[in-house]
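Peer 1: input-v9.txt is reproduced in full below (compact mmCIF, C-alpha atoms).
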```txt
# COMPACT_ATOMS: atom_id res chain seq x y z
CA MET F 1 9.46 1.36 -5.21
CA ARG F 2 8.34 2.75 -1.85
CA GLU F 3 5.09 4.62 -1.21
CA VAL F 4 3.52 5.82 2.04
CA VAL F 5 -0.23 5.85 2.65
CA LEU F 6 -0.99 8.71 5.04
CA ASP F 7 -3.95 9.96 7.06
CA THR F 8 -4.47 12.51 9.83
CA GLU F 9 -7.10 13.38 12.41
CA THR F 10 -7.53 17.02 13.45
CA THR F 11 -9.25 19.27 15.98
CA GLY F 12 -11.53 20.65 13.26
CA LEU F 13 -11.88 21.37 9.58
CA SER F 14 -9.67 24.42 9.05
CA TYR F 15 -6.02 24.95 9.93
CA LYS F 16 -6.55 28.57 8.85
CA ASN F 17 -8.85 28.94 11.87
CA GLY F 18 -6.23 27.45 14.18
CA ASP F 19 -7.15 23.76 14.03
CA ARG F 20 -4.30 21.34 14.60
CA ILE F 21 -3.26 17.76 13.85
CA ILE F 22 -3.96 15.37 16.73
CA GLU F 23 -3.19 11.99 15.13
CA VAL F 24 -1.03 10.74 12.27
CA GLY F 25 -1.11 7.29 10.68
CA CYS F 26 1.19 5.96 7.95
CA VAL F 27 1.44 2.62 6.15
CA GLU F 28 4.37 1.60 3.97
CA LEU F 29 3.94 0.01 0.53
CA ILE F 30 6.86 -1.66 -1.25
CA ASN F 31 6.23 -2.35 -4.93
CA HIS F 32 2.49 -2.00 -4.27
CA ILE F 33 2.57 -4.54 -1.44
CA SER F 34 1.76 -3.57 2.16
CA SER F 35 4.69 -4.15 4.48
CA GLU F 36 4.63 -4.49 8.27
CA ASN F 37 6.23 -1.06 8.58
CA LYS F 38 3.76 1.44 10.06
CA LEU F 39 3.81 4.70 12.01
CA GLN F 40 1.12 6.08 14.29
CA PHE F 41 1.15 8.76 16.97
CA TYR F 42 -1.21 11.09 18.84
CA CYS F 43 -0.45 14.76 19.48
CA SER F 44 -1.35 16.89 22.45
CA THR F 45 -2.58 20.42 21.63
CA ASN F 46 -3.86 23.56 23.33
CA LYS F 47 -6.57 23.90 20.67
CA ASN F 48 -9.96 22.70 21.86
CA ILE F 49 -11.33 19.89 19.71
CA ASP F 50 -14.62 20.68 17.99
CA GLU F 51 -17.56 18.66 19.26
CA GLY F 52 -18.33 17.57 15.71
CA ALA F 53 -14.77 16.34 15.21
CA THR F 54 -14.87 14.30 18.42
CA LYS F 55 -18.01 12.57 17.18
CA ILE F 56 -16.05 11.48 14.10
CA HIS F 57 -12.78 10.30 15.65
CA GLY F 58 -13.62 10.01 19.36
CA LEU F 59 -10.50 11.91 20.49
CA THR F 60 -10.63 14.40 23.36
CA ASN F 61 -8.22 16.96 24.78
CA ASP F 62 -8.16 15.04 28.04
CA PHE F 63 -7.05 11.86 26.25
CA LEU F 64 -4.41 13.70 24.21
CA SER F 65 -2.89 15.39 27.27
CA ASN F 66 -0.99 12.15 27.91
CA TYR F 67 0.88 12.47 24.60
CA SER F 68 3.63 14.68 23.26
CA SER F 69 3.15 17.54 20.79
CA PHE F 70 3.50 17.27 17.02
CA GLU F 71 6.71 19.30 17.33
CA ASN F 72 8.32 16.63 19.49
CA GLN F 73 7.33 13.85 17.08
CA VAL F 74 7.86 15.49 13.70
CA GLY F 75 11.35 13.97 13.39
CA SER F 76 10.06 10.38 13.40
CA PHE F 77 7.35 11.41 10.94
CA LEU F 78 9.77 12.94 8.43
CA ASP F 79 12.15 10.00 8.84
CA PHE F 80 9.31 7.62 8.00
CA ILE F 81 7.92 9.34 4.90
CA GLN F 82 11.37 10.34 3.57
CA ASN F 83 11.03 11.67 -0.01
CA ASP F 84 8.68 8.91 -1.13
CA THR F 85 5.31 9.27 -2.82
CA LEU F 86 2.42 9.92 -0.42
CA ILE F 87 -0.97 8.30 -0.99
CA ILE F 88 -3.66 10.49 0.62
CA HIS F 89 -7.45 10.59 0.47
CA ASN F 90 -8.49 14.21 -0.16
CA ALA F 91 -4.86 15.27 -0.13
CA GLU F 92 -5.55 19.01 -0.04
CA PHE F 93 -6.99 18.65 3.48
CA ASP F 94 -4.21 16.57 5.03
CA MET F 95 -1.36 18.35 3.24
CA GLY F 96 -2.78 21.72 4.30
CA PHE F 97 -2.64 20.64 7.94
CA ILE F 98 0.79 18.99 7.68
CA ASN F 99 2.41 21.93 5.95
CA ASN F 100 0.79 24.30 8.45
CA GLU F 101 2.32 22.33 11.33
CA LEU F 102 5.72 22.52 9.59
CA LYS F 103 5.29 26.24 8.98
CA LEU F 104 4.58 26.81 12.68
CA LEU F 105 7.90 25.08 13.40
CA GLY F 106 9.75 27.21 10.85
CA ALA F 107 10.24 24.21 8.53
CA GLU F 108 9.81 23.95 4.76
CA PRO F 109 6.62 22.40 3.34
CA LEU F 110 6.73 18.83 2.07
CA LYS F 111 7.81 18.37 -1.54
CA ASN F 112 6.86 14.70 -1.88
CA LYS F 113 4.91 13.54 -4.89
CA ILE F 114 1.24 13.19 -3.92
CA ILE F 115 -1.38 10.77 -5.26
CA ASP F 116 -4.88 11.85 -4.23
CA THR F 117 -7.11 8.76 -4.11
CA VAL F 118 -10.28 10.87 -4.34
CA SER F 119 -9.24 12.09 -7.79
CA LEU F 120 -7.92 8.65 -8.70
CA ALA F 121 -11.18 6.96 -7.70
CA ARG F 122 -13.36 9.42 -9.60
CA LYS F 123 -11.24 8.97 -12.71
CA THR F 124 -10.89 5.19 -12.46
CA LEU F 125 -14.46 4.39 -11.41
CA SER F 126 -16.24 7.25 -13.17
CA THR F 127 -18.06 8.18 -9.97
CA ARG F 128 -18.66 11.42 -8.10
CA THR F 129 -19.01 9.56 -4.79
CA ALA F 130 -15.52 8.75 -3.57
CA ASN F 131 -15.53 8.75 0.23
CA LEU F 132 -13.59 5.99 1.99
CA ASP F 133 -16.65 4.11 3.24
CA TYR F 134 -18.12 3.95 -0.26
CA LEU F 135 -14.86 2.74 -1.82
CA CYS F 136 -14.34 0.08 0.84
CA LYS F 137 -17.85 -1.25 0.27
CA ARG F 138 -17.35 -1.17 -3.49
CA PHE F 139 -14.21 -3.31 -3.17
CA SER F 140 -15.66 -5.53 -0.38
CA ILE F 141 -13.07 -4.31 2.14
CA ASP F 142 -13.96 -5.07 5.76
CA LEU F 143 -15.22 -1.96 7.59
CA SER F 144 -16.30 -3.71 10.79
CA GLU F 145 -13.59 -2.03 12.90
CA ARG F 146 -14.37 1.49 11.65
CA ASN F 147 -16.88 2.57 14.27
CA LEU F 148 -14.87 5.79 14.52
CA HIS F 149 -12.30 7.33 12.22
CA GLY F 150 -8.66 6.70 13.18
CA ALA F 151 -5.56 7.81 11.29
CA LEU F 152 -3.81 4.43 11.26
CA LEU F 153 -6.97 2.40 10.61
CA ASP F 154 -8.00 4.73 7.80
CA ALA F 155 -4.49 4.58 6.30
CA GLN F 156 -4.67 0.77 6.33
CA LEU F 157 -8.09 0.81 4.67
CA LEU F 158 -6.91 3.38 2.15
CA ALA F 159 -3.91 1.21 1.29
CA GLU F 160 -6.30 -1.59 0.33
CA VAL F 161 -8.49 0.81 -1.68
CA TYR F 162 -5.47 2.26 -3.48
CA LEU F 163 -4.21 -1.18 -4.49
CA GLU F 164 -7.63 -2.02 -5.88
CA LEU F 165 -7.77 1.26 -7.80
CA ILE F 166 -4.45 0.55 -9.53
CA GLY F 167 -5.42 -2.97 -10.52
CA GLY F 168 -5.74 -5.18 -7.47
CA LYS F 169 -3.49 -6.52 -4.73
CA GLN F 170 -0.10 -7.86 -5.70
CA ILE F 171 1.12 -11.18 -4.31
CA SER F 172 4.58 -11.29 -2.82
CA MET F 173 6.69 -14.12 -4.25
CA ASN F 174 8.37 -15.30 -1.08
CA LEU F 175 10.80 -17.94 -2.29
CA GLY F 176 12.02 -18.46 1.26
CA ASP F 177 8.60 -19.81 2.25
CA THR F 178 8.64 -22.16 -0.72
CA LYS F 179 12.04 -23.55 0.30
CA GLU F 180 10.88 -24.06 3.88
CA LYS F 181 7.79 -25.93 2.71
CA ALA F 182 9.98 -28.16 0.56
CA LYS F 183 12.24 -28.91 3.53
CA SER F 184 9.21 -29.72 5.64
CA LEU F 185 7.89 -32.16 3.05
CA LYS F 186 11.29 -33.87 2.79
CA LYS F 187 11.60 -34.09 6.57
CA ASN F 188 8.26 -35.84 6.80
CA ASN F 189 9.19 -38.26 4.00
CA ILE F 190 6.61 -36.78 1.65
CA LEU F 191 7.74 -37.06 -1.95
CA VAL F 192 6.33 -34.50 -4.34
CA THR F 193 6.75 -35.32 -8.01
CA GLN F 194 5.71 -33.57 -11.15
CA SER F 195 4.53 -35.73 -14.01
CA ILE F 196 6.16 -34.75 -17.30
CA PRO F 197 4.63 -36.41 -20.35
CA LYS F 198 7.05 -38.20 -22.67
CA VAL F 199 6.61 -37.61 -26.39
CA GLU F 200 7.72 -40.39 -28.75
CA LEU F 201 8.05 -39.85 -32.51
CA SER F 202 7.20 -42.50 -35.05
CA LYS F 203 9.86 -43.69 -37.55
CA GLU F 204 8.00 -41.88 -40.31
CA GLU F 205 8.08 -38.59 -38.37
CA VAL F 206 11.83 -38.97 -37.73
CA LEU F 207 12.54 -39.57 -41.45
CA LEU F 208 10.45 -36.54 -42.45
CA HIS F 209 12.34 -34.40 -39.95
CA LYS F 210 15.74 -35.58 -41.26
CA LYS F 211 14.64 -34.82 -44.81
CA LEU F 212 13.58 -31.29 -43.82
CA THR F 213 16.80 -30.50 -41.93
CA LYS F 214 18.95 -31.61 -44.91
CA GLU F 215 17.34 -28.80 -46.92
CA ILE F 216 18.64 -26.25 -44.39
CA LYS F 217 22.16 -25.00 -45.16
CA ASN F 218 24.66 -25.63 -42.33
CA SER F 219 21.89 -26.89 -40.10
CA LEU F 220 22.79 -27.57 -36.47
CA TRP F 221 20.60 -30.65 -36.67
CA GLU F 222 23.24 -32.30 -38.89
CA LYS F 223 25.62 -32.31 -35.89
CA ILE F 224 23.12 -34.09 -33.66
CA ASP F 225 22.89 -37.86 -33.70
CA TYR F 226 19.26 -38.77 -33.19
```
Using the file provided, produce a representation of the structure as structure tokens.

Peer 2:
Amino acid sequence: MREVVLDTETTGLSYKNGDRIIEVGCVELINHISSENKLQFYCSTNKNIDEGATKIHGLTNDFLSNYSSFENQVGSFLDFIQNDTLIIHNAEFDMGFINNELKLLGAEPLKNKIIDTVSLARKTLSTRTANLDYLCKRFSIDLSERNLHGALLDAQLLAEVYLELIGGKQISMNLGDTKEKAKSLKKNNILVTQSIPKVELSKEEVLLHKKLTKEIKNSLWEKIDY
């Protein structure tokens, strides 16, 4: 099962007032385990970034002028998310902006299944407070790098929060690693043994068992010499 944790940064709070996406961050989950597959890109825009927004994410129009537009990067974005479930914190906000960008390009809105972690957190934790900082602190997730908001960083943090909300991180059973460790031990002449206790029956216990099995019709025990 593949899921994509997604976050965006924008020029302001309302796409209806002309605000645009200026950063996208995505993290892939396979069977509820974070993979190394990620996507992040900045977008140049003619829309001036609100001063309040810059204080949150630190992005400026001058910085973004070195990057391509959302239009020129939308292909890699759609290729990454495919038709898989999207995990988004306050999904209405991000999806509103994403679908607005697609609308401006004459494209159809996304039809992916959405899991909103704000709603999930409020339901799971029975709390009204469900911002990302609060949830990270509640699950003891390291926030030391979050001096400013960033789409990829926030997607990575949200991935950890989401896994905690659905029952905790899963551990990948990498049998390849186990085989390599075994080879390493053998190479270094380290013998690993597992002690298996031996159970011995008394003569009395054996006789009682034989007596019991004779009372069973067509017992398989009768064919075993013990």

Peer 1: Which protein, DNA or RNA residues are at most 12 Å from (-3.8, -3.3, -6.8) in the file's coordinates when you count all atoms listed in the file, listed as an MDAnalysis selection string?

Peer 2: chainID F and resid 29 31:34 139 158:171

Peer 1: Report as a list of chain:residue names all protein, DNA and RNA residues lying within 10 Å of stretch 106-114 of chain F, evaluated on all atoms listed in the file, omitting residues in the same chain fewer than 2 positions from it.

Peer 2: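 Those residues are F:Glu3, F:Val4, F:Val5, F:Leu78, F:Ile81, F:Gln82, F:Asn83, F:Asp84, F:Thr85, F:Leu86, F:Ile87, F:Ile88, F:Ala91, F:Glu92, F:Met95, F:Gly96, F:Ile98, F:Asn99, F:Asn100, F:Glu101, F:Leu102, F:Lys103, F:Leu104, F:Asp116, F:Thr117.
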
Peer 1: Would you mind reading off the distance between atom CA of F:Gly25 and atom CA of F:Thr8, one decimal, in Å?

Peer 2: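 Pair atom CA of F:Gly25 / atom CA of F:Thr8 returns 6.3 Å.
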
Peer 1: F:Lys55, F:Arg128, F:Lys123, F:His89: which is nearest F:Asn147, counting only C-alpha atoms?

Peer 2: F:Lys55

Peer 1: Of the residues F:Ser126, F:Ser44, F:Asp133, F:Ile22, which is the one nearest to F:Glu145, using all atoms listed in the file?

Peer 2: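 Closest candidate: F:Asp133.
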
Peer 1: Just to confirm, what's the straight-line distance from atom CA of F:Tyr42 to atom CA of F:Asn17 in Å (one decimal)?

Peer 2: 20.6 Å

Peer 1: What separation in Å, quoted to one decimal, exists between atom CA of F:Asp7 and atom CA of F:Cys136?

Peer 2: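 These atoms are spaced 15.6 Å apart.
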
Peer 1: Show me the residues around (-6.2, 17.2, 18.5) - criterion: an atom at most 9 Å away, only C-alpha atoms counted - as an MDAnalysis selection string.

Peer 2: chainID F and resid 9:12 19:23 42:49 59:61 64

Peer 1: Considering only C-alpha atoms, state which residue in the set F:Arg2, F:Ser144, F:Phe70, F:Ala121 is at the smallest distance from F:Ile30.

Peer 2: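 Closest to F:Ile30 of all the choices is F:Arg2.
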
Peer 1: Nearest to F:Arg138 among F:Met1, F:Cys26, F:Val118, F:Leu125, with distances taken over all atoms listed in the file: which residue is it?

Peer 2: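 Looking only at the distances to F:Arg138, the closest residue turns out to be F:Leu125.
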
Peer 1: Can you write out as CSV which residues of stretch 28-63 of chain F fall within 9 Å of stretch 148-153 of chain F, alongside each residue's closest atom pair and its distance in Å to one decimal, counting only C-alpha atoms and ordering rows by chain and ascending residue number?

Peer 2:
```
residue,atom,partner,partner_atom,distance
F:Lys38,CA,F:Leu152,CA,8.2
F:Leu39,CA,F:Leu152,CA,7.7
F:Gln40,CA,F:Leu152,CA,6.0
F:Phe41,CA,F:Leu152,CA,8.7
F:Lys55,CA,F:Leu148,CA,7.9
F:Ile56,CA,F:Leu148,CA,5.8
F:His57,CA,F:His149,CA,4.6
F:Gly58,CA,F:Leu148,CA,6.5
```
